[in-house]
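Containing PDB, C-alpha atoms: coords_20.pdb.
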ATOM      1  CA  MET G 813     -10.946  20.668   2.199
ATOM      2  CA  ALA G 814      -8.493  23.417   1.236
ATOM      3  CA  LYS G 815      -7.283  23.661  -2.357
ATOM      4  CA  ALA G 816      -3.717  22.752  -1.320
ATOM      5  CA  ASP G 817      -4.973  19.624   0.477
ATOM      6  CA  GLU G 818      -7.043  18.644  -2.550
ATOM      7  CA  THR G 819      -3.995  19.018  -4.795
ATOM      8  CA  LYS G 820      -1.821  16.916  -2.458
ATOM      9  CA  LYS G 821      -4.511  14.240  -2.378
ATOM     10  CA  LEU G 822      -4.746  14.317  -6.198
ATOM     11  CA  ILE G 823      -0.973  13.901  -6.497
ATOM     12  CA  CYS G 824      -0.899  11.039  -4.015
ATOM     13  CA  THR G 825      -3.859   9.296  -5.644
ATOM     14  CA  SER G 826      -2.172   9.623  -9.035
ATOM     15  CA  ILE G 827       1.023   8.080  -7.674
ATOM     16  CA  ALA G 828      -0.938   5.274  -5.999
ATOM     17  CA  GLU G 829      -2.704   4.506  -9.275
ATOM     18  CA  LEU G 830       0.620   4.492 -11.149
ATOM     19  CA  MET G 831       1.972   2.061  -8.531
ATOM     20  CA  TYR G 832      -0.437  -0.560  -9.843
ATOM     21  CA  VAL G 833       1.701  -0.577 -12.985
ATOM     22  CA  LYS G 834       5.242  -0.013 -11.697
ATOM     23  CA  PRO G 835       7.224   0.393  -8.471
ATOM     24  CA  PHE G 836       7.107   3.854  -6.914
ATOM     25  CA  TYR G 837      10.853   4.346  -7.365
ATOM     26  CA  LYS G 838      10.426   4.027 -11.158
ATOM     27  CA  ILE G 839       7.599   6.572 -11.377
ATOM     28  CA  LYS G 840       8.679   9.857 -12.957
ATOM     29  CA  ILE G 841       7.316  13.236 -11.949
ATOM     30  CA  ASP G 842       6.224  13.816 -15.557
ATOM     31  CA  GLU G 843       3.979  10.726 -15.314
ATOM     32  CA  VAL G 844       2.439  11.991 -12.081
ATOM     33  CA  VAL G 845       1.717  15.492 -13.349
ATOM     34  CA  GLN G 846       0.242  14.126 -16.571
ATOM     35  CA  LYS G 847      -2.045  11.729 -14.677
ATOM     36  CA  ALA G 848      -3.026  14.407 -12.136
ATOM     37  CA  GLY G 849      -3.504  17.094 -14.784
ATOM     38  CA  ILE G 850      -1.216  19.560 -13.013
ATOM     39  CA  SER G 851       2.034  21.323 -13.841
ATOM     40  CA  ARG G 852       5.502  20.325 -12.627
ATOM     41  CA  SER G 853       5.686  23.543 -10.626
ATOM     42  CA  THR G 854       2.444  22.626  -8.846
ATOM     43  CA  PHE G 855       3.904  19.230  -7.988
ATOM     44  CA  TYR G 856       7.015  20.902  -6.550
ATOM     45  CA  VAL G 857       4.923  23.255  -4.423
ATOM     46  CA  HIS G 858       3.745  20.191  -2.493
ATOM     47  CA  PHE G 859       6.527  17.585  -2.828
ATOM     48  CA  ASP G 860      10.162  17.539  -3.834
ATOM     49  CA  SER G 861      10.043  13.987  -5.229
ATOM     50  CA  VAL G 862       7.787  11.012  -5.864
ATOM     51  CA  GLU G 863       9.423   9.242  -2.932
ATOM     52  CA  ASN G 864       8.565  12.187  -0.663
ATOM     53  CA  ALA G 865       4.909  11.922  -1.732
ATOM     54  CA  VAL G 866       4.921   8.160  -1.103
ATOM     55  CA  LEU G 867       6.387   8.711   2.365
ATOM     56  CA  LYS G 868       3.662  11.293   3.046
ATOM     57  CA  MET G 869       0.972   8.737   2.101
ATOM     58  CA  GLU G 870       2.605   6.128   4.325
ATOM     59  CA  ASP G 871       2.905   8.523   7.259
ATOM     60  CA  GLU G 872      -0.745   9.581   7.042
ATOM     61  CA  ILE G 873      -2.010   5.998   7.264
ATOM     62  CA  TYR G 874       0.532   5.031   9.900
ATOM     63  CA  ASN G 875      -0.270   8.054  12.080
ATOM     64  CA  GLN G 876      -3.982   7.247  11.960
ATOM     65  CA  LEU G 877      -3.147   3.777  13.309
ATOM     66  CA  VAL G 878      -0.908   5.314  15.993
ATOM     67  CA  ASP G 879      -3.829   7.523  17.033
ATOM     68  CA  LEU G 880      -6.024   4.422  17.426
ATOM     69  CA  ASN G 881      -3.403   2.775  19.614
ATOM     70  CA  ASP G 882      -3.009   5.944  21.683
ATOM     71  CA  LEU G 883      -6.777   5.900  22.267
ATOM     72  CA  ASN G 884      -6.451   2.320  23.555
ATOM     73  CA  MET G 885      -8.548   0.990  20.684
ATOM     74  CA  TYR G 886      -7.003  -2.459  21.007
ATOM     75  CA  SER G 887      -8.800  -3.273  24.239
ATOM     76  CA  LEU G 888     -11.301  -6.099  24.400
ATOM     77  CA  SER G 889     -14.060  -4.190  26.141
ATOM     78  CA  ASP G 890     -17.825  -4.486  25.880
ATOM     79  CA  GLU G 891     -17.425  -3.315  22.289
ATOM     80  CA  HIS G 892     -14.845  -6.039  21.748
ATOM     81  CA  TYR G 893     -14.533  -5.599  18.004
ATOM     82  CA  LYS G 894     -14.081  -1.823  18.143
ATOM     83  CA  GLY G 895     -10.282  -1.756  17.839
ATOM     84  CA  VAL G 896     -10.027  -4.236  14.987
ATOM     85  CA  TYR G 897     -12.995  -2.651  13.218
ATOM     86  CA  ALA G 898     -11.440   0.815  13.612
ATOM     87  CA  THR G 899      -8.093  -0.439  12.270
ATOM     88  CA  ILE G 900      -9.672  -1.975   9.181
ATOM     89  CA  ASN G 901     -11.834   1.109   8.727
ATOM     90  CA  VAL G 902      -8.747   3.363   8.675
ATOM     91  CA  LEU G 903      -7.193   1.136   6.035
ATOM     92  CA  LYS G 904     -10.434   1.025   4.030
ATOM     93  CA  GLN G 905     -10.724   4.836   4.118
ATOM     94  CA  ASN G 906      -7.239   4.939   2.598
ATOM     95  CA  LYS G 907      -7.966   2.075   0.198
ATOM     96  CA  THR G 908      -6.190   3.368  -2.914
ATOM     97  CA  ALA G 909      -3.016   4.314  -1.079
ATOM     98  CA  PHE G 910      -3.038   1.239   1.209
ATOM     99  CA  SER G 911      -3.589  -1.166  -1.702
ATOM    100  CA  ALA G 912      -0.845   0.457  -3.772
ATOM    101  CA  LEU G 913       1.625   0.730  -0.904
ATOM    102  CA  THR G 914       1.166  -2.913   0.096
ATOM    103  CA  GLY G 915       0.845  -4.301  -3.423
ATOM    104  CA  LEU G 916       3.502  -5.854  -5.638
ATOM    105  CA  ASN G 917       4.945  -2.438  -6.512
ATOM    106  CA  GLY G 918       4.615  -1.064  -2.995
ATOM    107  CA  ASP G 919       7.091  -0.271  -0.282
ATOM    108  CA  ILE G 920       8.134  -3.190   1.937
ATOM    109  CA  ARG G 921       9.149  -0.711   4.648
ATOM    110  CA  PHE G 922       5.538   0.452   4.871
ATOM    111  CA  LYS G 923       4.231  -3.100   5.190
ATOM    112  CA  MET G 924       6.674  -3.718   8.041
ATOM    113  CA  ARG G 925       5.654  -0.471   9.788
ATOM    114  CA  ILE G 926       1.970  -1.412   9.591
ATOM    115  CA  ILE G 927       2.570  -4.926  10.897
ATOM    116  CA  GLY G 928       4.729  -3.434  13.670
ATOM    117  CA  ARG G 929       1.931  -1.052  14.678
ATOM    118  CA  LEU G 930      -0.585  -3.913  14.771
ATOM    119  CA  ARG G 931       1.881  -6.079  16.709
ATOM    120  CA  GLU G 932       2.330  -3.363  19.335
ATOM    121  CA  GLY G 933      -1.421  -2.948  19.735
ATOM    122  CA  PHE G 934      -1.999  -6.681  20.172
ATOM    123  CA  TYR G 935       0.975  -7.028  22.526
ATOM    124  CA  ASN G 936      -0.322  -4.263  24.803
ATOM    125  CA  MET G 937      -3.818  -5.734  24.770
ATOM    126  CA  MET G 938      -2.566  -9.224  25.667
ATOM    127  CA  VAL G 939      -0.318  -8.004  28.497
ATOM    128  CA  LYS G 940      -3.254  -6.037  29.939
ATOM    129  CA  LYS G 941      -5.302  -9.245  29.806
ATOM    130  CA  GLY G 942      -2.701 -11.034  31.943
ATOM    131  CA  CYS G 943      -0.533 -12.813  29.385
ATOM    132  CA  LYS G 944       3.175 -13.184  30.126
ATOM    133  CA  ALA G 945       5.388 -10.944  28.025
ATOM    134  CA  ASN G 946       6.945 -13.850  26.082
ATOM    135  CA  ASP G 947       3.535 -15.321  25.224
ATOM    136  CA  ALA G 948       2.163 -11.910  24.302
ATOM    137  CA  ALA G 949       5.156 -11.245  22.041
ATOM    138  CA  MET G 950       4.809 -14.578  20.234
ATOM    139  CA  PHE G 951       1.055 -14.373  19.693
ATOM    140  CA  SER G 952       1.003 -10.660  18.845
ATOM    141  CA  GLU G 953       3.402 -11.521  16.006
ATOM    142  CA  ILE G 954       0.943 -14.109  14.685
ATOM    143  CA  PHE G 955      -2.124 -11.904  15.166
ATOM    144  CA  SER G 956      -0.537  -8.834  13.562
ATOM    145  CA  SER G 957       0.414 -10.789  10.434
ATOM    146  CA  GLY G 958      -3.021 -12.418  10.360
ATOM    147  CA  LEU G 959      -4.867  -9.131  10.791
ATOM    148  CA  TYR G 960      -2.668  -7.509   8.149
ATOM    149  CA  ALA G 961      -3.523 -10.263   5.651
ATOM    150  CA  GLN G 962      -7.217 -10.195   6.603
ATOM    151  CA  SER G 963      -7.230  -6.389   6.404
ATOM    152  CA  LYS G 964      -5.838  -6.466   2.874
ATOM    153  CA  ARG G 965      -8.586  -8.884   1.847
ATOM    154  CA  ILE G 966     -11.348  -6.853   3.507
ATOM    155  CA  VAL G 967     -10.026  -3.488   2.273
ATOM    156  CA  ASN G 968      -9.978  -4.718  -1.309
ATOM    157  CA  LYS G 969     -13.643  -5.751  -1.115
ATOM    158  CA  SER G 970     -16.038  -3.122  -2.358
ATOM    159  CA  ASP G 971     -18.771  -3.679   0.195
ATOM    160  CA  ALA G 972     -19.003  -2.762   3.865
ATOM    161  CA  ILE G 973     -17.016  -4.395   6.630
ATOM    162  CA  GLU G 974     -18.928  -7.378   7.969
ATOM    163  CA  GLU G 975     -19.131  -7.795  11.736
ATOM    164  CA  GLU G 976     -18.723 -11.547  11.224
ATOM    165  CA  GLU G 977     -15.292 -10.952   9.695
ATOM    166  CA  ILE G 978     -14.199  -8.988  12.754
ATOM    167  CA  ASP G 979     -15.749 -11.561  15.088
ATOM    168  CA  ILE G 980     -13.731 -14.392  13.509
ATOM    169  CA  ILE G 981     -10.491 -12.511  14.181
ATOM    170  CA  LEU G 982     -11.491 -11.636  17.730
ATOM    171  CA  LYS G 983     -12.715 -15.135  18.607
ATOM    172  CA  MET G 984      -9.275 -16.433  17.662
ATOM    173  CA  ILE G 985      -7.622 -13.762  19.819
ATOM    174  CA  ASN G 986      -9.962 -14.292  22.793
ATOM    175  CA  THR G 987      -9.544 -18.064  22.682
ATOM    176  CA  THR G 988      -5.764 -17.741  22.603
ATOM    177  CA  ILE G 989      -5.690 -15.216  25.459
ATOM    178  CA  LEU G 990      -7.980 -17.413  27.551
ATOM    179  CA  ALA G 991      -5.823 -20.481  26.895
ATOM    180  CA  ILE G 992      -2.597 -18.639  27.719
ATOM    181  CA  THR G 993      -3.902 -17.060  30.915
ATOM    182  CA  ASN G 994      -5.359 -20.407  32.059
ATOM    183  CA  VAL G 995      -2.009 -22.149  31.456
ATOM    184  CA  ASN G 996      -0.157 -19.371  33.269
ATOM    185  CA  GLU G 997      -2.527 -19.613  36.248
ATOM    186  CA  GLY G 998      -2.385 -23.424  36.349
TER     187      GLY G 998
END

What is this structure when it is put down as structure tokens?
Amino acid sequence: MAKADETKKLICTSIAELMYVKPFYKIKIDEVVQKAGISRSTFYVHFDSVENAVLKMEDEIYNQLVDLNDLNMYSLSDEHYKGVYATINVLKQNKTAFSALTGLNGDIRFKMRIIGRLREGFYNMMVKKGCKANDAAMFSEIFSSGLYAQSKRIVNKSDAIEEEEIDIILKMINTTILAITNVNEG
């Protein structure tokens, strides 16, 4: 990792840690540079404000989820848990930032973006499986909120992701899709 990338990561991690104590919009640059052990000028080389750094953290996580969706990771293939596992893994890899951004002092806009990304992935998966658009929209809303809540719980655990946790989520999804497609065919 390049020195500039390491410094950006240090700044973002420092902000995320400060967000456990106060909302990001109340964090001062002086607090960040003190926590990170850098100068103000170093901070300004990378970001023009704390909010800009927070948006950068949000965008990095969000874009990783977009990449998963673009790779069609939300399909229920032979490796049926792959998409959900990959989603939770992205969030777990970004644990400090994700926990801070979705915590009490986090950014509600970020939470809504993440749920929206999950909703889109589930919607596309359900339509491909033969669900009507209205049914897919309704259930993707439920699944995205459920996966978001489950993801927060799993991400905040210190141990590895359990396949059983993913299977519970996917069994619920599969059962719902099967029920909807059977009703639509009947």

Query raised in the report: Between atom CA of Tyr837 of chain G and atom CA of Tyr874 of chain G, what is the distance, to one decimal in Å?
Result: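 Taking atom CA of Tyr837 of chain G as the start and atom CA of Tyr874 of chain G as the end point, the length is 20.1 Å.
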
Got a sec to resolve the PyMOL selection byres ((chain G and resi 924) around 12) on this structure and send the residues as a compact mmCIF listing (two decimals) with C-alpha atoms, keeping the file's coordinate frame?
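Result file result.txt:
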# COMPACT_ATOMS: atom_id res chain seq x y z
CA GLU G 870 2.60 6.13 4.32
CA TYR G 874 0.53 5.03 9.90
CA LEU G 913 1.62 0.73 -0.90
CA THR G 914 1.17 -2.91 0.10
CA GLY G 918 4.62 -1.06 -3.00
CA ASP G 919 7.09 -0.27 -0.28
CA ILE G 920 8.13 -3.19 1.94
CA ARG G 921 9.15 -0.71 4.65
CA PHE G 922 5.54 0.45 4.87
CA LYS G 923 4.23 -3.10 5.19
CA ARG G 925 5.65 -0.47 9.79
CA ILE G 926 1.97 -1.41 9.59
CA ILE G 927 2.57 -4.93 10.90
CA GLY G 928 4.73 -3.43 13.67
CA ARG G 929 1.93 -1.05 14.68
CA LEU G 930 -0.58 -3.91 14.77
CA ARG G 931 1.88 -6.08 16.71
CA GLU G 953 3.40 -11.52 16.01
CA SER G 956 -0.54 -8.83 13.56
CA SER G 957 0.41 -10.79 10.43
CA TYR G 960 -2.67 -7.51 8.15

Report task. Find the spatial neighbours of Cys824 of chain G, counting all atoms listed in the file, within a cut-off of 10 Å - ignore same-chain residues fewer than 5 positions away - and output them as an NGL selection string. Result -> :G and (818-819 or 829-830 or 844 or 848 or 859 or 862 or 865-869 or 908-909)

Expected file: the selected residues, C-alpha atoms, as a PDB file, in the coordinates of the input:
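In the end it all went to again_35.pdb:
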ATOM      1  CA  GLU G 818      -7.043  18.644  -2.550  1.00  0.00           C
ATOM      2  CA  THR G 819      -3.995  19.018  -4.795  1.00  0.00           C
ATOM      3  CA  GLU G 829      -2.704   4.506  -9.275  1.00  0.00           C
ATOM      4  CA  LEU G 830       0.620   4.492 -11.149  1.00  0.00           C
ATOM      5  CA  VAL G 844       2.439  11.991 -12.081  1.00  0.00           C
ATOM      6  CA  ALA G 848      -3.026  14.407 -12.136  1.00  0.00           C
ATOM      7  CA  PHE G 859       6.527  17.585  -2.828  1.00  0.00           C
ATOM      8  CA  VAL G 862       7.787  11.012  -5.864  1.00  0.00           C
ATOM      9  CA  ALA G 865       4.909  11.922  -1.732  1.00  0.00           C
ATOM     10  CA  VAL G 866       4.921   8.160  -1.103  1.00  0.00           C
ATOM     11  CA  LEU G 867       6.387   8.711   2.365  1.00  0.00           C
ATOM     12  CA  LYS G 868       3.662  11.293   3.046  1.00  0.00           C
ATOM     13  CA  MET G 869       0.972   8.737   2.101  1.00  0.00           C
ATOM     14  CA  THR G 908      -6.190   3.368  -2.914  1.00  0.00           C
ATOM     15  CA  ALA G 909      -3.016   4.314  -1.079  1.00  0.00           C
TER      16      ALA G 909
END

Query raised in the report: Which of these, G:Asp842, G:Val902, G:Leu877, G:Thr987, has the shortest distance to Gly933 of chain G once you count only C-alpha atoms?
Result: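 The shortest atom-to-atom distance to Gly933 of chain G comes from G:Leu877.
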
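The list of residues with at least one atom within 8 Å of Phe934 of chain G, based on all atoms listed in the file and without residues fewer than 2 positions apart in the same chain, reads G:Tyr886, G:Leu930, G:Arg931, G:Glu932, G:Asn936, G:Met937, G:Met938, G:Ala948, G:Ser952, G:Phe955, G:Ser956.
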
Requested in this report: Work out how far apart atom CA of Leu959 of chain G and atom CA of Ile900 of chain G are and give it in Å to one decimal.
Outcome: 8.8 Å

Listed atoms of segment 929-945 of chain G boxed axis-aligned with 5 Å per side, centre + edges as JSON:
{"center_x": 0.0, "center_y": -7.1, "center_z": 23.3, "size_x": 20.7, "size_y": 22.1, "size_z": 27.3}

Report summary line: A straight line from atom CA of Leu903 of chain G to atom CA of Pro835 of chain G spans 20.5 Å

Requested in this report: Choose the residue, out of G:Gln846, G:Thr899, G:Ser853, G:Asn906, that has the smallest atom-to-atom separation from Ala828 of chain G; count only C-alpha atoms.
Outcome: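 Among G:Gln846, G:Thr899, G:Ser853, G:Asn906, it is G:Asn906 that comes nearest to Ala828 of chain G.
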